[in-house]
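Colleague: Pasting upload_36.txt here (compact mmCIF, C-alpha atoms and all ligand atoms):
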```
# COMPACT_ATOMS: atom_id res chain seq x y z
CA MET A 153 -70.64 23.47 34.75
CA THR A 154 -70.04 22.74 31.09
CA ALA A 155 -72.27 20.43 29.03
CA ILE A 156 -70.64 18.25 26.38
CA LEU A 157 -72.82 16.98 23.55
CA ASP A 158 -71.19 14.11 21.68
CA TYR A 159 -72.74 11.00 20.13
CA ASP A 160 -69.42 9.16 20.34
CA PRO A 161 -68.78 8.05 23.96
CA SER A 162 -64.99 7.81 23.61
CA ALA A 163 -64.71 11.28 22.00
CA ALA A 164 -66.97 12.63 24.76
CA GLU A 165 -64.70 11.08 27.36
CA THR A 166 -61.61 12.72 25.76
CA LEU A 167 -63.36 16.10 25.91
CA ARG A 168 -64.50 15.49 29.48
CA SER A 169 -61.02 14.70 30.73
CA ALA A 170 -59.58 17.71 28.86
CA LEU A 171 -62.14 20.07 30.37
CA GLY A 172 -61.89 18.83 33.95
CA ALA A 173 -64.34 17.74 36.61
CA GLU A 174 -67.11 20.31 36.20
CA THR A 175 -68.57 18.79 33.07
CA VAL A 176 -71.52 16.65 32.15
CA VAL A 177 -71.67 14.47 29.04
CA ILE A 178 -75.03 14.42 27.27
CA PRO A 179 -75.61 11.95 24.42
CA THR A 180 -78.49 13.52 22.43
CA VAL A 181 -79.74 16.96 21.40
CA ASP A 182 -83.12 16.38 23.08
CA ALA A 183 -81.46 15.40 26.34
CA LEU A 184 -79.28 18.51 26.08
CA ARG A 185 -82.31 20.77 25.64
CA ARG A 186 -83.96 19.17 28.73
CA HIS A 187 -80.72 19.61 30.66
CA LEU A 188 -80.51 23.29 29.74
CA ASP A 189 -84.14 23.86 30.70
CA THR A 190 -83.42 22.65 34.20
CA HIS A 191 -79.88 24.04 34.60
CA LEU A 192 -80.28 27.76 34.11
CA GLY A 193 -76.76 28.49 35.36
CA GLU A 194 -75.14 26.50 32.53
CA ASP A 195 -72.77 28.85 30.67
CA ALA A 196 -71.10 26.68 28.05
CA VAL A 197 -72.01 23.85 25.71
CA VAL A 198 -69.31 22.01 23.80
CA VAL A 199 -70.67 20.32 20.68
CA GLY A 200 -68.37 17.46 19.73
CA GLY A 201 -67.11 16.39 16.33
CA SER A 202 -69.63 13.51 15.99
CA VAL A 203 -72.63 15.86 16.02
CA ASP A 204 -73.73 16.86 12.51
CA LEU A 205 -73.21 20.52 11.61
CA GLU A 206 -76.91 21.19 11.01
CA SER A 207 -77.99 20.06 14.50
CA ALA A 208 -75.13 22.01 16.05
CA LEU A 209 -76.04 25.21 14.23
CA ASP A 210 -79.77 24.79 14.99
CA LEU A 211 -78.91 24.46 18.64
CA ALA A 212 -76.68 27.56 18.58
CA SER A 213 -79.35 29.64 16.78
CA ALA A 214 -82.01 28.59 19.30
CA MET A 215 -79.76 29.34 22.28
CA ARG A 216 -78.83 32.73 20.88
CA LEU A 217 -82.46 33.81 21.07
CA THR A 218 -83.48 32.17 24.32
CA ARG A 219 -80.24 32.10 26.33
CA SER A 220 -77.93 34.81 24.96
CA SER A 221 -75.43 34.40 27.83
CA LEU A 222 -74.89 30.71 27.04
CA GLY A 223 -72.02 30.11 24.62
CA VAL A 224 -71.71 27.23 22.17
CA VAL A 225 -68.19 25.96 21.41
CA LEU A 226 -68.22 23.93 18.23
CA VAL A 227 -65.61 21.18 17.92
CA ARG A 228 -64.92 19.98 14.37
CA ARG A 229 -62.53 17.40 12.98
CA ARG A 230 -61.42 20.03 10.48
CA VAL A 231 -62.12 23.74 10.53
CA ASP A 232 -62.37 25.63 7.25
CA THR A 233 -63.64 29.08 6.35
CA SER A 234 -67.07 27.84 5.24
CA VAL A 235 -67.66 26.08 8.60
CA LEU A 236 -66.42 29.21 10.40
CA ALA A 237 -68.75 31.50 8.46
CA ASP A 238 -71.81 29.24 8.99
CA ALA A 239 -70.97 28.88 12.66
CA LEU A 240 -70.56 32.60 13.24
CA ARG A 241 -73.84 33.29 11.45
CA ALA A 242 -75.65 30.85 13.72
CA GLY A 243 -74.19 32.50 16.81
CA VAL A 244 -71.58 29.84 17.71
CA ARG A 245 -69.01 31.61 19.90
CA GLU A 246 -65.91 29.58 19.04
CA VAL A 247 -64.93 26.85 16.57
CA VAL A 248 -61.96 24.66 17.49
CA GLU A 249 -60.35 21.60 15.92
CA GLU A 250 -60.95 18.30 17.73
CA ARG A 251 -57.27 17.55 18.28
CA ASP A 252 -56.61 21.01 19.80
CA LEU A 253 -57.60 20.11 23.38
CA PRO A 254 -55.85 23.15 24.99
CA GLY A 255 -57.65 25.35 22.41
CA ILE A 256 -61.02 23.81 23.38
CA ASN A 257 -60.24 24.40 27.03
CA ALA A 258 -59.31 28.04 26.37
CA ALA A 259 -62.46 28.57 24.28
CA VAL A 260 -64.65 27.24 27.10
CA ALA A 261 -62.88 29.54 29.58
CA ARG A 262 -63.54 32.56 27.31
CA VAL A 263 -67.19 31.60 26.83
CA LYS A 264 -67.64 31.29 30.61
CA ALA A 265 -65.92 34.63 31.25
CA LEU A 266 -68.23 36.28 28.70
CA ALA A 267 -71.32 34.70 30.30
CA GLN A 268 -70.17 35.83 33.73
CA SER A 269 -69.62 39.32 32.45
CA MET A 270 -73.05 39.40 30.78
CA ARG A 271 -74.74 38.21 33.97
CA GLU A 272 -72.97 40.81 36.08
CA THR A 273 -73.87 43.68 33.86
CA VAL A 274 -77.22 42.82 32.33
CA PRO A 275 -79.90 41.51 34.57
CA GLY A 276 -81.93 39.16 32.42
CA ALA A 277 -79.15 38.57 29.89
CA SER A 278 -80.52 35.08 29.51
CA LEU A 279 -83.94 36.34 28.54
CA PRO A 280 -84.96 36.96 24.93
CA GLU A 281 -83.63 40.25 23.63
CA ASP A 282 -86.27 42.92 23.90
CA ASP A 283 -84.14 46.01 24.18
CA LEU A 284 -85.13 48.39 21.45
CA ASP A 285 -83.35 51.41 22.93
CA HIS A 286 -80.01 52.36 21.57
CA GLY A 287 -76.78 53.26 23.26
CA ILE A 288 -74.68 56.37 22.86
CA LEU A 289 -71.92 56.24 20.26
CA VAL A 290 -68.77 58.28 20.85
CA THR A 291 -66.04 58.50 18.22
CA VAL A 292 -62.56 59.66 19.17
CA PHE A 293 -60.90 61.32 16.19
CA SER A 294 -57.91 63.40 15.14
CA ALA A 295 -56.61 63.81 11.63
CA LYS A 296 -53.03 63.73 12.93
CA GLY A 297 -51.44 60.55 14.26
CA GLY A 298 -50.14 60.06 17.77
CA CYS A 299 -52.32 62.68 19.51
CA GLY A 300 -53.74 60.20 22.02
CA LYS A 301 -56.85 58.74 20.34
CA THR A 302 -56.19 55.21 21.55
CA THR A 303 -55.24 56.47 25.00
CA LEU A 304 -58.49 58.44 25.27
CA SER A 305 -60.75 55.81 23.71
CA THR A 306 -59.51 52.92 25.86
CA ASN A 307 -59.64 54.94 29.10
CA LEU A 308 -62.98 56.50 28.19
CA ALA A 309 -64.45 53.05 27.52
CA VAL A 310 -63.31 51.87 30.95
CA ALA A 311 -64.70 55.04 32.60
CA LEU A 312 -68.08 54.48 30.93
CA THR A 313 -68.46 50.97 32.35
CA GLU A 314 -68.68 52.62 35.80
CA GLY A 315 -67.27 49.53 37.42
CA GLY A 316 -69.55 47.14 35.55
CA ARG A 317 -72.85 49.03 35.80
CA ASN A 318 -72.90 49.77 32.05
CA ARG A 319 -72.17 47.60 29.07
CA VAL A 320 -69.60 49.26 26.84
CA CYS A 321 -68.16 48.15 23.52
CA LEU A 322 -64.90 49.62 22.26
CA VAL A 323 -64.51 49.28 18.48
CA ASP A 324 -61.08 49.66 16.86
CA LEU A 325 -61.64 51.20 13.43
CA ASP A 326 -57.91 51.77 12.91
CA LEU A 327 -58.14 48.84 10.52
CA SER A 328 -54.48 48.75 9.47
CA PHE A 329 -52.60 49.68 12.63
CA GLY A 330 -55.15 49.39 15.43
CA ASP A 331 -53.58 48.76 18.80
CA VAL A 332 -56.53 48.57 21.18
CA ALA A 333 -55.85 44.84 21.67
CA ILE A 334 -52.29 45.65 22.75
CA ALA A 335 -53.32 48.61 24.92
CA LEU A 336 -55.75 46.34 26.81
CA GLN A 337 -53.57 43.21 26.64
CA LEU A 338 -56.26 41.17 24.94
CA PHE A 339 -55.90 37.83 23.21
CA PRO A 340 -58.80 38.03 20.79
CA ALA A 341 -60.26 34.94 19.17
CA HIS A 342 -61.92 37.11 16.53
CA THR A 343 -61.43 40.49 14.91
CA ILE A 344 -63.62 42.82 12.89
CA ALA A 345 -62.20 41.11 9.75
CA ASP A 346 -64.27 38.00 10.63
CA ALA A 347 -67.42 40.07 10.06
CA VAL A 348 -66.70 40.05 6.31
CA ALA A 349 -67.54 36.33 6.11
CA LEU A 350 -70.95 36.94 7.70
CA GLY A 351 -72.24 38.58 4.52
CA ASP A 352 -76.00 39.00 4.58
CA GLY A 353 -76.25 36.83 7.68
CA ILE A 354 -74.91 39.57 9.92
CA ASP A 355 -77.04 40.02 13.02
CA SER A 356 -76.73 40.69 16.70
CA GLY A 357 -75.66 37.18 17.67
CA SER A 358 -73.01 36.87 15.00
CA VAL A 359 -71.52 40.30 15.81
CA GLN A 360 -71.52 39.58 19.55
CA ALA A 361 -69.67 36.34 18.84
CA LEU A 362 -66.79 38.45 17.46
CA LEU A 363 -66.33 40.49 20.64
CA THR A 364 -63.55 39.99 23.15
CA PRO A 365 -64.60 40.57 26.75
CA HIS A 366 -62.07 42.09 29.12
CA SER A 367 -61.33 39.57 31.83
CA ASN A 368 -60.73 42.12 34.63
CA MET A 369 -63.16 44.83 33.67
CA PRO A 370 -66.76 43.67 33.79
CA GLY A 371 -68.97 45.28 31.20
CA LEU A 372 -66.11 46.07 28.80
CA PHE A 373 -66.13 44.35 25.42
CA THR A 374 -64.02 45.09 22.38
CA LEU A 375 -64.24 44.53 18.67
CA VAL A 376 -60.58 44.59 17.77
CA ALA A 377 -58.89 45.53 14.49
CA PRO A 378 -57.43 42.86 12.19
CA LEU A 379 -54.22 41.52 13.67
CA ASP A 380 -52.25 42.09 10.50
CA PRO A 381 -52.61 45.20 8.33
CA GLY A 382 -53.33 43.16 5.19
CA SER A 383 -56.53 41.55 6.49
CA ASN A 384 -58.79 44.58 6.32
CA ARG A 385 -60.04 43.93 2.80
CA GLY A 386 -63.80 43.70 2.61
CA ILE A 387 -64.44 45.79 5.74
CA THR A 388 -66.54 48.29 3.86
CA ALA A 389 -68.26 51.40 5.16
CA ASP A 390 -71.55 49.55 4.75
CA LEU A 391 -70.33 46.69 6.95
CA VAL A 392 -69.14 49.22 9.55
CA ARG A 393 -72.57 50.86 9.47
CA GLN A 394 -74.30 47.53 10.11
CA ILE A 395 -71.89 46.58 12.90
CA LEU A 396 -72.25 49.91 14.71
CA ASN A 397 -76.02 49.81 14.34
CA ILE A 398 -76.12 46.39 15.96
CA LEU A 399 -73.71 47.33 18.75
CA ARG A 400 -75.77 50.40 19.59
CA GLN A 401 -78.77 48.14 20.15
CA GLU A 402 -76.79 45.88 22.46
CA PHE A 403 -74.61 48.25 24.48
CA ASP A 404 -75.19 51.30 26.65
CA TYR A 405 -72.14 52.98 25.13
CA VAL A 406 -70.09 52.29 22.02
CA VAL A 407 -66.69 53.99 21.81
CA VAL A 408 -64.89 54.05 18.45
CA ASP A 409 -61.13 54.47 18.10
CA THR A 410 -60.07 55.68 14.66
CA PRO A 411 -57.06 55.96 12.35
CA PRO A 412 -55.66 59.44 11.73
CA ALA A 413 -57.61 59.90 8.49
CA PHE A 414 -61.08 60.66 7.19
CA ASP A 415 -61.54 57.31 5.46
CA GLU A 416 -64.98 56.05 4.50
CA GLN A 417 -65.25 53.78 7.53
CA VAL A 418 -64.46 56.73 9.82
CA LEU A 419 -67.06 58.85 8.04
CA GLU A 420 -69.59 56.12 8.70
CA ALA A 421 -68.74 56.15 12.42
CA LEU A 422 -68.92 59.95 12.51
CA ASP A 423 -72.25 59.73 10.76
CA GLN A 424 -73.73 57.61 13.56
CA SER A 425 -71.97 59.41 16.40
CA ASP A 426 -73.82 61.10 19.20
CA LEU A 427 -70.55 62.76 20.18
CA ILE A 428 -67.19 63.19 18.47
CA ALA A 429 -64.21 63.77 20.75
CA LEU A 430 -61.76 65.74 18.60
CA ILE A 431 -58.36 65.32 20.16
CA ALA A 432 -55.28 67.47 19.56
CA THR A 433 -52.00 68.31 21.21
CA LEU A 434 -50.32 71.71 21.61
CA ASP A 435 -48.25 71.65 18.45
CA ILE A 436 -48.80 73.44 15.19
CA PRO A 437 -49.36 70.35 12.95
CA ALA A 438 -51.97 68.91 15.37
CA LEU A 439 -53.76 72.25 15.73
CA LYS A 440 -53.69 72.83 11.97
CA ASN A 441 -55.28 69.41 11.44
CA LEU A 442 -57.88 70.14 14.12
CA LYS A 443 -58.74 73.42 12.39
CA LEU A 444 -59.15 71.60 9.06
CA THR A 445 -61.32 68.96 10.74
CA LEU A 446 -63.52 71.64 12.30
CA GLU A 447 -63.85 73.34 8.91
CA THR A 448 -64.80 70.03 7.31
CA LEU A 449 -67.46 69.36 9.96
CA GLU A 450 -68.78 72.88 9.50
CA GLU A 451 -68.84 72.51 5.73
CA ILE A 452 -70.98 69.41 5.96
CA ASN A 453 -73.26 71.04 8.56
CA PHE A 454 -72.39 68.59 11.28
CA PRO A 455 -74.25 69.82 14.39
CA ARG A 456 -71.98 71.94 16.56
CA GLU A 457 -73.32 70.46 19.79
CA LYS A 458 -72.18 66.99 18.78
CA TRP A 459 -68.45 67.52 19.04
CA ALA A 460 -66.07 68.46 21.82
CA VAL A 461 -62.40 69.38 21.64
CA VAL A 462 -60.03 67.50 23.92
CA LEU A 463 -56.54 68.89 24.42
CA ASN A 464 -54.09 66.14 25.30
CA ARG A 465 -50.74 66.79 27.00
CA SER A 466 -52.12 70.26 27.65
CA ASP A 467 -49.37 71.20 30.11
CA SER A 468 -46.55 70.59 27.62
CA LYS A 469 -44.25 73.60 27.62
CA VAL A 470 -44.15 74.25 23.91
CA GLY A 471 -44.71 78.00 23.80
CA LEU A 472 -48.39 77.90 22.80
CA ALA A 473 -50.83 79.39 25.29
CA LEU A 474 -54.20 77.76 25.74
CA ASN A 475 -56.22 80.95 25.36
CA GLU A 476 -54.40 81.75 22.12
CA VAL A 477 -55.32 78.31 20.84
CA GLU A 478 -59.00 78.81 21.75
CA LYS A 479 -58.94 82.24 20.11
CA THR A 480 -57.30 81.00 16.93
CA LEU A 481 -59.58 77.99 16.58
CA ARG A 482 -62.64 79.93 17.79
CA VAL A 483 -63.77 76.91 19.83
CA PRO A 484 -63.61 76.19 23.55
CA ILE A 485 -61.42 73.37 24.80
CA SER A 486 -63.79 71.01 26.59
CA ILE A 487 -61.21 69.08 28.55
CA GLN A 488 -57.49 69.16 29.12
CA ILE A 489 -55.53 65.99 29.75
CA PRO A 490 -52.12 66.58 31.31
CA SER A 491 -48.93 64.98 30.07
CA SER A 492 -47.46 62.20 32.15
CA ARG A 493 -44.90 59.49 31.70
CA ASP A 494 -47.32 57.19 33.52
CA VAL A 495 -49.49 57.09 30.38
CA PRO A 496 -47.01 55.22 28.12
CA ALA A 497 -45.97 53.13 31.13
CA ALA A 498 -49.61 52.02 31.61
CA ILE A 499 -49.99 51.26 27.90
CA ASN A 500 -46.83 49.18 28.00
CA ARG A 501 -48.28 47.18 30.88
CA GLY A 502 -51.52 46.72 28.92
CA VAL A 503 -53.60 48.29 31.71
CA PRO A 504 -55.46 51.58 31.15
CA ILE A 505 -54.27 54.23 33.57
CA ILE A 506 -57.84 54.97 34.67
CA TYR A 507 -58.11 51.40 35.95
CA ASP A 508 -54.61 51.16 37.39
CA ASN A 509 -54.52 54.57 39.03
CA PRO A 510 -57.99 56.15 39.22
CA LYS A 511 -56.74 59.20 41.12
CA HIS A 512 -54.03 60.08 38.60
CA PRO A 513 -54.61 63.56 37.08
CA VAL A 514 -54.91 61.94 33.61
CA SER A 515 -57.58 59.54 34.94
CA VAL A 516 -59.44 62.37 36.69
CA ALA A 517 -59.53 64.43 33.48
CA ILE A 518 -60.84 61.53 31.38
CA ARG A 519 -63.45 60.62 34.00
CA GLN A 520 -64.60 64.26 34.07
CA PHE A 521 -64.96 64.18 30.30
CA ALA A 522 -67.01 60.97 30.56
CA GLU A 523 -69.24 62.41 33.26
CA LYS A 524 -69.77 65.81 31.70
CA PHE A 525 -70.15 64.85 28.06
CA VAL A 526 -71.14 61.21 27.78
CA LEU A 527 -72.52 59.46 30.85
CA THR A 528 -76.23 59.74 31.28
CA GLY A 529 -76.88 57.00 33.81
CA HIS A 530 -79.37 55.27 31.52
CA HIS A 531 -79.47 54.46 27.87
CA THR A 532 -83.07 54.98 26.94
CA ASP A 533 -83.64 57.47 24.18
CA SER A 534 -85.48 59.85 26.49
CA SER A 535 -82.60 59.91 28.95
CA ILE A 536 -80.05 61.00 26.36
CA PRO A 537 -79.56 64.72 26.74
CA PRO A 538 -81.08 66.50 23.74
CA GLU A 539 -77.68 67.73 22.64
CA LEU A 540 -76.41 64.15 22.40
CA ARG A 541 -79.38 62.72 20.59
CA SER A 542 -78.51 61.58 17.12
CA ASP A 543 -80.57 63.22 14.46
CA ARG A 544 -81.39 60.69 11.83
CA ARG A 545 -80.40 62.71 8.79
CA GLY A 546 -76.85 61.45 8.86
CA LEU A 547 -73.57 63.04 8.03
CA LEU A 548 -73.16 61.57 4.59
CA ARG A 549 -76.67 62.47 3.58
CA ARG A 550 -76.07 65.98 4.90
CA LYS A 551 -72.95 66.06 2.81
CA ALA A 552 -74.86 65.04 -0.28
CA LYS A 553 -77.40 67.76 0.46
CA THR A 554 -74.85 70.53 0.68
CA SER A 555 -72.85 69.52 -2.37
N1 LIG A 601 -51.33 62.50 28.28
C1 LIG A 601 -50.26 61.85 27.84
N2 LIG A 601 -49.06 61.96 28.47
C2 LIG A 601 -47.97 61.30 28.03
N3 LIG A 601 -47.96 60.50 26.96
C3 LIG A 601 -49.10 60.33 26.28
C4 LIG A 601 -50.32 61.00 26.68
N4 LIG A 601 -51.29 60.66 25.81
C5 LIG A 601 -50.73 59.80 24.91
N5 LIG A 601 -49.41 59.63 25.19
C6 LIG A 601 -48.46 58.78 24.46
O1 LIG A 601 -48.41 59.22 23.12
C7 LIG A 601 -48.29 58.11 22.24
C8 LIG A 601 -49.44 58.15 21.23
O2 LIG A 601 -50.66 57.96 21.93
P1 LIG A 601 -51.86 57.11 21.29
O3 LIG A 601 -51.37 55.81 20.78
O4 LIG A 601 -52.97 57.14 22.26
O5 LIG A 601 -52.16 58.08 20.06
P2 LIG A 601 -53.05 57.79 18.76
O6 LIG A 601 -53.67 59.08 18.40
O7 LIG A 601 -53.95 56.65 19.00
O8 LIG A 601 -51.95 57.38 17.72
P3 LIG A 601 -52.19 56.74 16.25
O9 LIG A 601 -52.64 57.88 15.38
O10 LIG A 601 -50.84 56.23 15.88
O11 LIG A 601 -53.22 55.69 16.40
C9 LIG A 601 -48.32 56.86 23.09
O12 LIG A 601 -47.00 56.44 23.32
C10 LIG A 601 -48.92 57.34 24.40
O13 LIG A 601 -48.46 56.60 25.49
MG MG A 602 -54.24 54.85 17.93
```
As structure tokens, what does this structure read like?
Modeller:
Amino acid sequence: MTAILDYDPSAAETLRSALGAETVVIPTVDALRRHLDTHLGEDAVVVGGSVDLESALDLASAMRLTRSSLGVVLVRRRVDTSVLADALRAGVREVVEERDLPGINAAVARVKALAQSMRETVPGASLPEDDLDHGILVTVFSAKGGCGKTTLSTNLAVALTEGGRNRVCLVDLDLSFGDVAIALQLFPAHTIADAVALGDGIDSGSVQALLTPHSNMPGLFTLVAPLDPGSNRGITADLVRQILNILRQEFDYVVVDTPPAFDEQVLEALDQSDLIALIATLDIPALKNLKLTLETLEEINFPREKWAVVLNRSDSKVGLALNEVEKTLRVPISIQIPSSRDVPAAINRGVPIIYDNPKHPVSVAIRQFAEKFVLTGHHTDSSIPPELRSDRRGLLRRKAKTS
């Protein structure tokens, strides 16, 4: 059911008929609180345009702490950036203009899907947050473009959900050309660019409000890149640090897709990573870039046990033998992903191959990587294998130390 809070009976009636039969109209905030106390399965509250902003935001803040699976959709006569920023800070999931009835309907559907997903994957999602453990952060990186970072990160994220048993957040840090949303066929209401407006008010609720849940894959959430390359201004390394810190508190696994460059946001992700998957293909430019990356990590004393080399399209007949590559780079290849035309075909359909065809050799290789290097079954600190535990010194601080 969906609860509608609106002081104006005729506006409430318009919302009720737009949202369909499974709704209840509630005329006051107190009555709404009593209703929520006795209807624990309620997933969505629509706060109508007649309700003052302060009461609406108070309600959203209170619900965020006591009922994190319940989503508040705020309906306003006019939506501007200051309303959006205040609403996000308070933990409102969606803000929609009053006249956009299909938009309100879609927002409620998204909020309900998110609540469903949270219930399926986190027992007690409606209880106050008391989880002080942190999840494992895996960054997929290669300094050369087109090696398969997005392919690996999207499929790895799906593998780590283990069919909904784990909560996984995939973050697209390719801030100019990120295509995670396309690869997973998502229609995000928010992107990482919306975090800029949160300023000092950034916290768990406001970051979670920016996530897009995957409708078919329970447990999988994404924080997508800005939809146009120009909107990444203000997404600083410091903001990325705060976002990743928060997501690690909330999720069992956080997977970060990156651009093909060591920019400051990527360095921040590497800094917090428990594991870096360094991906390359069997061609000289990719291997040269991998070698330079390895040298850079060595130079800044990044712990050897925290990275693994993934060779994508490893069966490509390009005249380079695998053992020669290992000898030249002086590192073992942790996993080989074969080449297959089914990979671009899956991306074009917007469905990760590991979900579409779990027995495909590409899916098997990625699942093996997940099982051998990332999955631990739990996400408490003590259950993280020692080699994956993040030491708290940090990459950038290490860098400063060695320079
Ligand atoms: N194992 C594979 N077999 C066949 N094609 C693949 C394989 N892995 C990736 N590809 C294809 O290679 C192209 C680049 O892959 P992807 O987008 O994952 O790379 P990327 O490293 O994220 O690129 P960018 O640096 O541009 O973000 C895509 O068209 C993808 O379908
Ligand atoms: Mg990519």
Colleague: If you count all atoms listed in the file, which residues end up within 9 Å of ligand LIG 601 (chain A), as a PyMOL selection string?
Modeller: chain A and resi 292-306+326+329-332+335+409-413+431-433+464-466+489-500+514
Colleague: For those residues, write C-alpha atoms to a file as a JSON list (two decimals), in the coordinates of the input.
Modeller:
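Dumped everything to again.json:
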```json
[["chain", "number", "residue", "atom", "x", "y", "z"],
["A", 292, "VAL", "CA", -62.56, 59.66, 19.17],
["A", 293, "PHE", "CA", -60.90, 61.32, 16.19],
["A", 294, "SER", "CA", -57.91, 63.40, 15.14],
["A", 295, "ALA", "CA", -56.61, 63.81, 11.63],
["A", 296, "LYS", "CA", -53.03, 63.73, 12.93],
["A", 297, "GLY", "CA", -51.44, 60.55, 14.26],
["A", 298, "GLY", "CA", -50.14, 60.06, 17.77],
["A", 299, "CYS", "CA", -52.32, 62.68, 19.51],
["A", 300, "GLY", "CA", -53.74, 60.20, 22.02],
["A", 301, "LYS", "CA", -56.85, 58.74, 20.34],
["A", 302, "THR", "CA", -56.19, 55.21, 21.55],
["A", 303, "THR", "CA", -55.24, 56.47, 25.00],
["A", 304, "LEU", "CA", -58.49, 58.44, 25.27],
["A", 305, "SER", "CA", -60.75, 55.81, 23.71],
["A", 306, "THR", "CA", -59.51, 52.92, 25.86],
["A", 326, "ASP", "CA", -57.91, 51.77, 12.91],
["A", 329, "PHE", "CA", -52.60, 49.68, 12.63],
["A", 330, "GLY", "CA", -55.15, 49.39, 15.43],
["A", 331, "ASP", "CA", -53.58, 48.76, 18.80],
["A", 332, "VAL", "CA", -56.53, 48.57, 21.18],
["A", 335, "ALA", "CA", -53.32, 48.61, 24.92],
["A", 409, "ASP", "CA", -61.13, 54.47, 18.10],
["A", 410, "THR", "CA", -60.07, 55.68, 14.66],
["A", 411, "PRO", "CA", -57.06, 55.96, 12.35],
["A", 412, "PRO", "CA", -55.66, 59.44, 11.73],
["A", 413, "ALA", "CA", -57.61, 59.90, 8.49],
["A", 431, "ILE", "CA", -58.36, 65.32, 20.16],
["A", 432, "ALA", "CA", -55.28, 67.47, 19.56],
["A", 433, "THR", "CA", -52.00, 68.31, 21.21],
["A", 464, "ASN", "CA", -54.09, 66.14, 25.30],
["A", 465, "ARG", "CA", -50.74, 66.79, 27.00],
["A", 466, "SER", "CA", -52.12, 70.26, 27.65],
["A", 489, "ILE", "CA", -55.53, 65.99, 29.75],
["A", 490, "PRO", "CA", -52.12, 66.58, 31.31],
["A", 491, "SER", "CA", -48.93, 64.98, 30.07],
["A", 492, "SER", "CA", -47.46, 62.20, 32.15],
["A", 493, "ARG", "CA", -44.90, 59.49, 31.70],
["A", 494, "ASP", "CA", -47.32, 57.19, 33.52],
["A", 495, "VAL", "CA", -49.49, 57.09, 30.38],
["A", 496, "PRO", "CA", -47.01, 55.22, 28.12],
["A", 497, "ALA", "CA", -45.97, 53.13, 31.13],
["A", 498, "ALA", "CA", -49.61, 52.02, 31.61],
["A", 499, "ILE", "CA", -49.99, 51.26, 27.90],
["A", 500, "ASN", "CA", -46.83, 49.18, 28.00],
["A", 514, "VAL", "CA", -54.91, 61.94, 33.61]]
```
Colleague: Check the smallest atom-to-atom distance from each of A:Ile506, A:Ala311, A:Ile178, A:Val198 to Leu527 in chain A using only C-alpha atoms, then report the winner.
Modeller: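 For Leu527 in chain A, the nearest of the candidates is A:Ala311.
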Colleague: In Å, how far is it from CA of Glu194 in chain A to CA of Gly223 in chain A?
Modeller: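 The value is 9.2 Å.
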Colleague: So which one's closest to Asp404 in chain A, A:Ala309, A:Leu236, A:Glu206, A:Glu416? Using only C-alpha atoms, please.
Modeller: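 Among the listed residues, A:Ala309 lies closest to Asp404 in chain A.
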Colleague: Could you give me, as a list in words, the residues within 9 Å of Arg262 in chain A, counting all atoms listed in the file and dropping anything in the same chain fewer than 3 positions from it?
Modeller: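 Answer for this query is Asn257, Ala258, Ala259, Ala265, Leu266, Ala267, Thr364, Pro365 and Ser367 of chain A.
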Colleague: What is the CA of Asp423 in chain A to CA of Gln401 in chain A distance in Å?
Modeller: 16.3 Å
Colleague: So which one's closest to ligand MG 602 (chain A), A:Asp160, A:Gly193, A:Val323, A:Thr166? Using all atoms listed in the file, please.
Modeller: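 Checking each of A:Asp160, A:Gly193, A:Val323, A:Thr166 against ligand MG 602 (chain A), counting all atoms listed in the file, the winner is A:Val323.
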